[in-house]
Amino acid sequence: MLDGNEIAKMNTKEVAKEMAILPQGPSTPEGLSVYQLVKMGRYPYQGVFKKWSQDDEDAVNKALEDTNLMDLKYQSVDELSGGQRQRAWIAMTLAQDTELILLDEPTTYLDMTHQIDILDLLFELNEKDNRTIVMVLHDLNLACRYADHIVAIKDKRYIRQVNLKISSRVILFIMYSI
């Protein structure tokens with residue numbers, strides 16, 4: 001369900017205007033530049049009568065700036081480091097400009113500095129733009145630092161929603177049986 005509608009019955013472009021999804025380890029078509037990849041985030045807004053606009057260009061450039069990729073805009077995604085590639089995918093997701101963003105391990109391949117940068121950015125989008133960010137994080141420290149709510153899942157089963165005010169010892173026991 002998305003805004004009271006069954007997602008399976010919705011037009012995919014309409015879903016993509018409401019919800020952005022970044023899976024873990026997406027594959028990039030060969031020879032694509034960072035700019036071309038990030039532009040793909042604007043696909044839901046294109047159509048027969050709706051061509052590329054200044055709003056589209058602005059959204060792409062803002063996403064590139066927010067992820068610190070402006071200097072790599074015309075570089076091939078194939079030539080990027082793992083962390084740079086991950087930031088390019090996150091930029092594409094941000095260019096989609098949705099209120100709901102689903103991210104599966106968005107800090108994968110990033111060094112600690114870029115992990116914090118990306119999570120700070122996502123936190124800011126949540127706080128300032130009131131976007132809903134749902135993400136999978138296996139780093140409990142980062143999850144506790146940035147999350148409003150943590151849902152514990154073990155063996156593909158929902159365990160419980162974790163109250164961030166309880167002690168880290170209790171969280172470790174719930175999550176890892178330690």
# chains A, B, ... in the order shown; residues from 1 in each chain; ligands from 1

call {"tool": "select_by_dssp", "arguments": {"residues": "segment 5-175 of chain A", "states": "strand (DSSP E)", "output": "list of chain:residue names"}}
result
A:Met19, A:Ala20, A:Ile21, A:Leu22, A:Leu100, A:Ile101, A:Leu102, A:Leu103, A:Asp104, A:Thr132, A:Ile133, A:Val134, A:Met135, A:Val136, A:Ile150, A:Val151, A:Ala152, A:Ile153, A:Lys154, A:Arg157, A:Tyr158, A:Ile159, A:Arg160, A:Gln161, A:Val162

call {"tool": "residues_around", "arguments": {"residues": "Ile118 of chain A", "least_positions_apart": "2", "cutoff": "10 Å", "atoms": "only C-alpha atoms", "output": "list in words"}}
result
Asp66, Thr67, Asn68, Arg87, Ile90, Ala91, Pro106, Thr107, Leu110, Met112, Thr113, His114, Gln115, Ile116, Asp120, Leu121, Leu122, Phe123 and Glu124 of chain A

call {"tool": "write_last_selection", "arguments": {"atoms": "N, CA and C atoms", "output": "PDB file, in the first residue's frame"}}
result
ATOM      1  N   ASP A  66      24.783  17.745  -3.294  1.00  0.00           N
ATOM      2  CA  ASP A  66      24.526  17.190  -1.961  1.00  0.00           C
ATOM      3  C   ASP A  66      25.382  15.953  -1.676  1.00  0.00           C
ATOM      4  N   THR A  67      25.735  15.216  -2.704  1.00  0.00           N
ATOM      5  CA  THR A  67      26.540  14.002  -2.534  1.00  0.00           C
ATOM      6  C   THR A  67      28.011  14.234  -2.885  1.00  0.00           C
ATOM      7  N   ASN A  68      28.382  15.499  -3.066  1.00  0.00           N
ATOM      8  CA  ASN A  68      29.777  15.876  -3.369  1.00  0.00           C
ATOM      9  C   ASN A  68      30.319  15.187  -4.615  1.00  0.00           C
ATOM     10  N   ARG A  87      27.733   6.743  -3.836  1.00  0.00           N
ATOM     11  CA  ARG A  87      27.217   8.113  -3.734  1.00  0.00           C
ATOM     12  C   ARG A  87      26.483   8.522  -5.010  1.00  0.00           C
ATOM     13  N   ILE A  90      23.075   7.062  -4.791  1.00  0.00           N
ATOM     14  CA  ILE A  90      22.286   7.827  -3.825  1.00  0.00           C
ATOM     15  C   ILE A  90      21.860   9.150  -4.448  1.00  0.00           C
ATOM     16  N   ALA A  91      22.741   9.777  -5.224  1.00  0.00           N
ATOM     17  CA  ALA A  91      22.391  11.021  -5.917  1.00  0.00           C
ATOM     18  C   ALA A  91      21.223  10.796  -6.877  1.00  0.00           C
ATOM     19  N   PRO A 106      22.693   1.912   2.531  1.00  0.00           N
ATOM     20  CA  PRO A 106      23.229   3.008   1.718  1.00  0.00           C
ATOM     21  C   PRO A 106      24.683   3.362   2.014  1.00  0.00           C
ATOM     22  N   THR A 107      25.220   2.889   3.125  1.00  0.00           N
ATOM     23  CA  THR A 107      26.609   3.214   3.464  1.00  0.00           C
ATOM     24  C   THR A 107      27.587   2.130   3.022  1.00  0.00           C
ATOM     25  N   LEU A 110      31.302   2.721   1.575  1.00  0.00           N
ATOM     26  CA  LEU A 110      31.748   4.068   1.919  1.00  0.00           C
ATOM     27  C   LEU A 110      32.708   4.033   3.098  1.00  0.00           C
ATOM     28  N   MET A 112      34.309   5.851   6.497  1.00  0.00           N
ATOM     29  CA  MET A 112      33.574   6.429   7.618  1.00  0.00           C
ATOM     30  C   MET A 112      33.164   7.876   7.358  1.00  0.00           C
ATOM     31  N   THR A 113      34.041   8.667   6.777  1.00  0.00           N
ATOM     32  CA  THR A 113      33.718  10.070   6.506  1.00  0.00           C
ATOM     33  C   THR A 113      32.515  10.187   5.593  1.00  0.00           C
ATOM     34  N   HIS A 114      32.500   9.395   4.514  1.00  0.00           N
ATOM     35  CA  HIS A 114      31.383   9.469   3.575  1.00  0.00           C
ATOM     36  C   HIS A 114      30.122   8.816   4.142  1.00  0.00           C
ATOM     37  N   GLN A 115      30.276   7.841   5.023  1.00  0.00           N
ATOM     38  CA  GLN A 115      29.102   7.277   5.701  1.00  0.00           C
ATOM     39  C   GLN A 115      28.395   8.378   6.487  1.00  0.00           C
ATOM     40  N   ILE A 116      29.181   9.109   7.263  1.00  0.00           N
ATOM     41  CA  ILE A 116      28.625  10.189   8.081  1.00  0.00           C
ATOM     42  C   ILE A 116      28.030  11.274   7.190  1.00  0.00           C
ATOM     43  N   ASP A 120      24.244  12.179   7.394  1.00  0.00           N
ATOM     44  CA  ASP A 120      23.911  13.560   7.752  1.00  0.00           C
ATOM     45  C   ASP A 120      22.953  14.158   6.722  1.00  0.00           C
ATOM     46  N   LEU A 121      23.239  13.923   5.442  1.00  0.00           N
ATOM     47  CA  LEU A 121      22.388  14.424   4.366  1.00  0.00           C
ATOM     48  C   LEU A 121      20.979  13.842   4.475  1.00  0.00           C
ATOM     49  N   LEU A 122      20.888  12.538   4.658  1.00  0.00           N
ATOM     50  CA  LEU A 122      19.583  11.892   4.782  1.00  0.00           C
ATOM     51  C   LEU A 122      18.833  12.394   6.013  1.00  0.00           C
ATOM     52  N   PHE A 123      19.553  12.595   7.114  1.00  0.00           N
ATOM     53  CA  PHE A 123      18.961  13.139   8.336  1.00  0.00           C
ATOM     54  C   PHE A 123      18.399  14.538   8.067  1.00  0.00           C
ATOM     55  N   GLU A 124      19.181  15.339   7.337  1.00  0.00           N
ATOM     56  CA  GLU A 124      18.754  16.695   7.003  1.00  0.00           C
ATOM     57  C   GLU A 124      17.504  16.676   6.114  1.00  0.00           C
TER      58      GLU A 124
END

call {"tool": "closest_residue", "arguments": {"among": "A:Val38, A:Ile150, A:Ala20, A:Met1", "to": "Met92 of chain A", "atoms": "only C-alpha atoms"}}
result
A:Val38

call {"tool": "residues_around", "arguments": {"residues": "segment 57-63 of chain A", "least_positions_apart": "2", "cutoff": "6 Å", "atoms": "only C-alpha atoms", "output": "list of chain:residue names"}}
result
A:Gln54, A:Asp55, A:Glu65, A:Asp66, A:Ala91, A:Leu94, A:Ala95

call {"tool": "closest_atom_pairs", "arguments": {"of": "segment 9-72 of chain A", "to": "segment 126-149 of chain A", "cutoff": "12 Å", "atoms": "only C-alpha atoms", "output": "JSON lines"}}
result
{"residue": "A:Glu18", "atom": "CA", "partner": "A:Arg131", "partner_atom": "CA", "distance": 10.7}
{"residue": "A:Met19", "atom": "CA", "partner": "A:Thr132", "partner_atom": "CA", "distance": 9.5}
{"residue": "A:Ala20", "atom": "CA", "partner": "A:Ile133", "partner_atom": "CA", "distance": 9.7}
{"residue": "A:Ile21", "atom": "CA", "partner": "A:Val134", "partner_atom": "CA", "distance": 9.6}
{"residue": "A:Leu22", "atom": "CA", "partner": "A:Met135", "partner_atom": "CA", "distance": 9.4}
{"residue": "A:Pro23", "atom": "CA", "partner": "A:Val136", "partner_atom": "CA", "distance": 9.9}
{"residue": "A:Gln24", "atom": "CA", "partner": "A:Val136", "partner_atom": "CA", "distance": 9.4}

call {"tool": "residues_around", "arguments": {"residues": "Ala16 of chain A", "least_positions_apart": "5", "cutoff": "12 Å", "atoms": "only C-alpha atoms", "output": "ChimeraX atom specification"}}
result
/A:2,7,10-11,21-22,40-46,93-102

call {"tool": "write_last_selection", "arguments": {"atoms": "C-alpha atoms", "output": "PDB file, in the first residue's frame"}}
result
ATOM      1  CA  LEU A   2       1.167   3.492  -0.856  1.00  0.00           C
ATOM      2  CA  ILE A   7       1.253  -0.512  -5.381  1.00  0.00           C
ATOM      3  CA  MET A  10      -0.442   1.681  -9.700  1.00  0.00           C
ATOM      4  CA  ASN A  11       1.372   2.985 -12.765  1.00  0.00           C
ATOM      5  CA  ILE A  21      14.187   2.752  -3.831  1.00  0.00           C
ATOM      6  CA  LEU A  22      17.911   2.024  -3.795  1.00  0.00           C
ATOM      7  CA  MET A  40      17.764   8.597 -14.568  1.00  0.00           C
ATOM      8  CA  GLY A  41      16.229   9.663 -11.262  1.00  0.00           C
ATOM      9  CA  ARG A  42      14.135  12.154 -13.208  1.00  0.00           C
ATOM     10  CA  TYR A  43      12.626   9.490 -15.505  1.00  0.00           C
ATOM     11  CA  PRO A  44       9.238   9.443 -13.722  1.00  0.00           C
ATOM     12  CA  TYR A  45       8.768  13.100 -14.616  1.00  0.00           C
ATOM     13  CA  GLN A  46       9.383  12.630 -18.350  1.00  0.00           C
ATOM     14  CA  THR A  93      17.705   8.477  -5.704  1.00  0.00           C
ATOM     15  CA  LEU A  94      17.771  12.059  -4.392  1.00  0.00           C
ATOM     16  CA  ALA A  95      17.189  13.476  -7.893  1.00  0.00           C
ATOM     17  CA  GLN A  96      13.971  11.467  -7.989  1.00  0.00           C
ATOM     18  CA  ASP A  97      12.717  13.981  -5.395  1.00  0.00           C
ATOM     19  CA  THR A  98      10.237  11.801  -3.521  1.00  0.00           C
ATOM     20  CA  GLU A  99       8.823  12.126  -0.024  1.00  0.00           C
ATOM     21  CA  LEU A 100       9.602   8.466   0.732  1.00  0.00           C
ATOM     22  CA  ILE A 101      13.085   7.011   0.243  1.00  0.00           C
ATOM     23  CA  LEU A 102      13.865   3.328   0.829  1.00  0.00           C
TER      24      LEU A 102
END

call {"tool": "select_by_dssp", "arguments": {"residues": "segment 41-153 of chain A", "states": "alpha helix (DSSP H)", "output": "PyMOL selection string"}}
result
chain A and resi 54-66+82-95+112-129+140-146

call {"tool": "write_last_selection", "arguments": {"atoms": "C-alpha atoms", "output": "mmCIF file, in the first residue's frame"}}
result
data_model
loop_
_atom_site.group_PDB
_atom_site.id
_atom_site.type_symbol
_atom_site.label_atom_id
_atom_site.label_comp_id
_atom_site.auth_asym_id
_atom_site.auth_seq_id
_atom_site.Cartn_x
_atom_site.Cartn_y
_atom_site.Cartn_z
ATOM 1 C CA GLN A 54 15.105 23.403 -15.828
ATOM 2 C CA ASP A 55 13.471 21.832 -12.751
ATOM 3 C CA ASP A 56 14.890 18.461 -13.825
ATOM 4 C CA GLU A 57 18.333 19.962 -14.363
ATOM 5 C CA ASP A 58 18.173 21.724 -10.987
ATOM 6 C CA ALA A 59 17.169 18.498 -9.196
ATOM 7 C CA VAL A 60 20.087 16.612 -10.786
ATOM 8 C CA ASN A 61 22.599 19.333 -9.948
ATOM 9 C CA LYS A 62 21.332 19.608 -6.359
ATOM 10 C CA ALA A 63 21.666 15.835 -5.915
ATOM 11 C CA LEU A 64 25.212 15.964 -7.325
ATOM 12 C CA GLU A 65 26.128 18.827 -5.010
ATOM 13 C CA ASP A 66 24.526 17.190 -1.961
ATOM 14 C CA GLY A 82 33.129 1.762 -4.742
ATOM 15 C CA GLY A 83 32.274 4.641 -2.417
ATOM 16 C CA GLN A 84 31.964 7.159 -5.241
ATOM 17 C CA ARG A 85 29.747 4.739 -7.142
ATOM 18 C CA GLN A 86 27.495 4.344 -4.094
ATOM 19 C CA ARG A 87 27.217 8.113 -3.734
ATOM 20 C CA ALA A 88 26.270 8.350 -7.440
ATOM 21 C CA TRP A 89 23.418 5.886 -6.880
ATOM 22 C CA ILE A 90 22.286 7.827 -3.825
ATOM 23 C CA ALA A 91 22.391 11.021 -5.917
ATOM 24 C CA MET A 92 20.128 9.363 -8.488
ATOM 25 C CA THR A 93 17.705 8.477 -5.704
ATOM 26 C CA LEU A 94 17.771 12.059 -4.392
ATOM 27 C CA ALA A 95 17.189 13.476 -7.893
ATOM 28 C CA MET A 112 33.574 6.429 7.618
ATOM 29 C CA THR A 113 33.718 10.070 6.506
ATOM 30 C CA HIS A 114 31.383 9.469 3.575
ATOM 31 C CA GLN A 115 29.102 7.277 5.701
ATOM 32 C CA ILE A 116 28.625 10.189 8.081
ATOM 33 C CA ASP A 117 28.224 12.662 5.182
ATOM 34 C CA ILE A 118 25.500 10.567 3.543
ATOM 35 C CA LEU A 119 23.690 9.872 6.802
ATOM 36 C CA ASP A 120 23.911 13.560 7.752
ATOM 37 C CA LEU A 121 22.388 14.424 4.366
ATOM 38 C CA LEU A 122 19.583 11.892 4.782
ATOM 39 C CA PHE A 123 18.961 13.139 8.336
ATOM 40 C CA GLU A 124 18.754 16.695 7.003
ATOM 41 C CA LEU A 125 16.297 15.662 4.265
ATOM 42 C CA ASN A 126 14.164 14.060 6.943
ATOM 43 C CA GLU A 127 14.321 17.059 9.281
ATOM 44 C CA LYS A 128 14.119 19.985 6.837
ATOM 45 C CA ASP A 129 12.090 18.518 3.973
ATOM 46 C CA LEU A 140 24.064 -0.453 15.185
ATOM 47 C CA ASN A 141 26.096 2.603 16.239
ATOM 48 C CA LEU A 142 25.093 4.512 13.109
ATOM 49 C CA ALA A 143 21.497 3.335 13.385
ATOM 50 C CA CYS A 144 21.269 4.580 16.981
ATOM 51 C CA ARG A 145 22.885 7.889 16.045
ATOM 52 C CA TYR A 146 20.516 8.716 13.176
#

call {"tool": "atom_distance", "arguments": {"atom1": "atom CA of Tyr74 of chain A", "atom2": "atom CA of Ser53 of chain A"}}
result
19.5 Å

call {"tool": "atom_distance", "arguments": {"atom1": "atom CA of Ser33 of chain A", "atom2": "atom CA of Leu69 of chain A"}}
result
11.4 Å
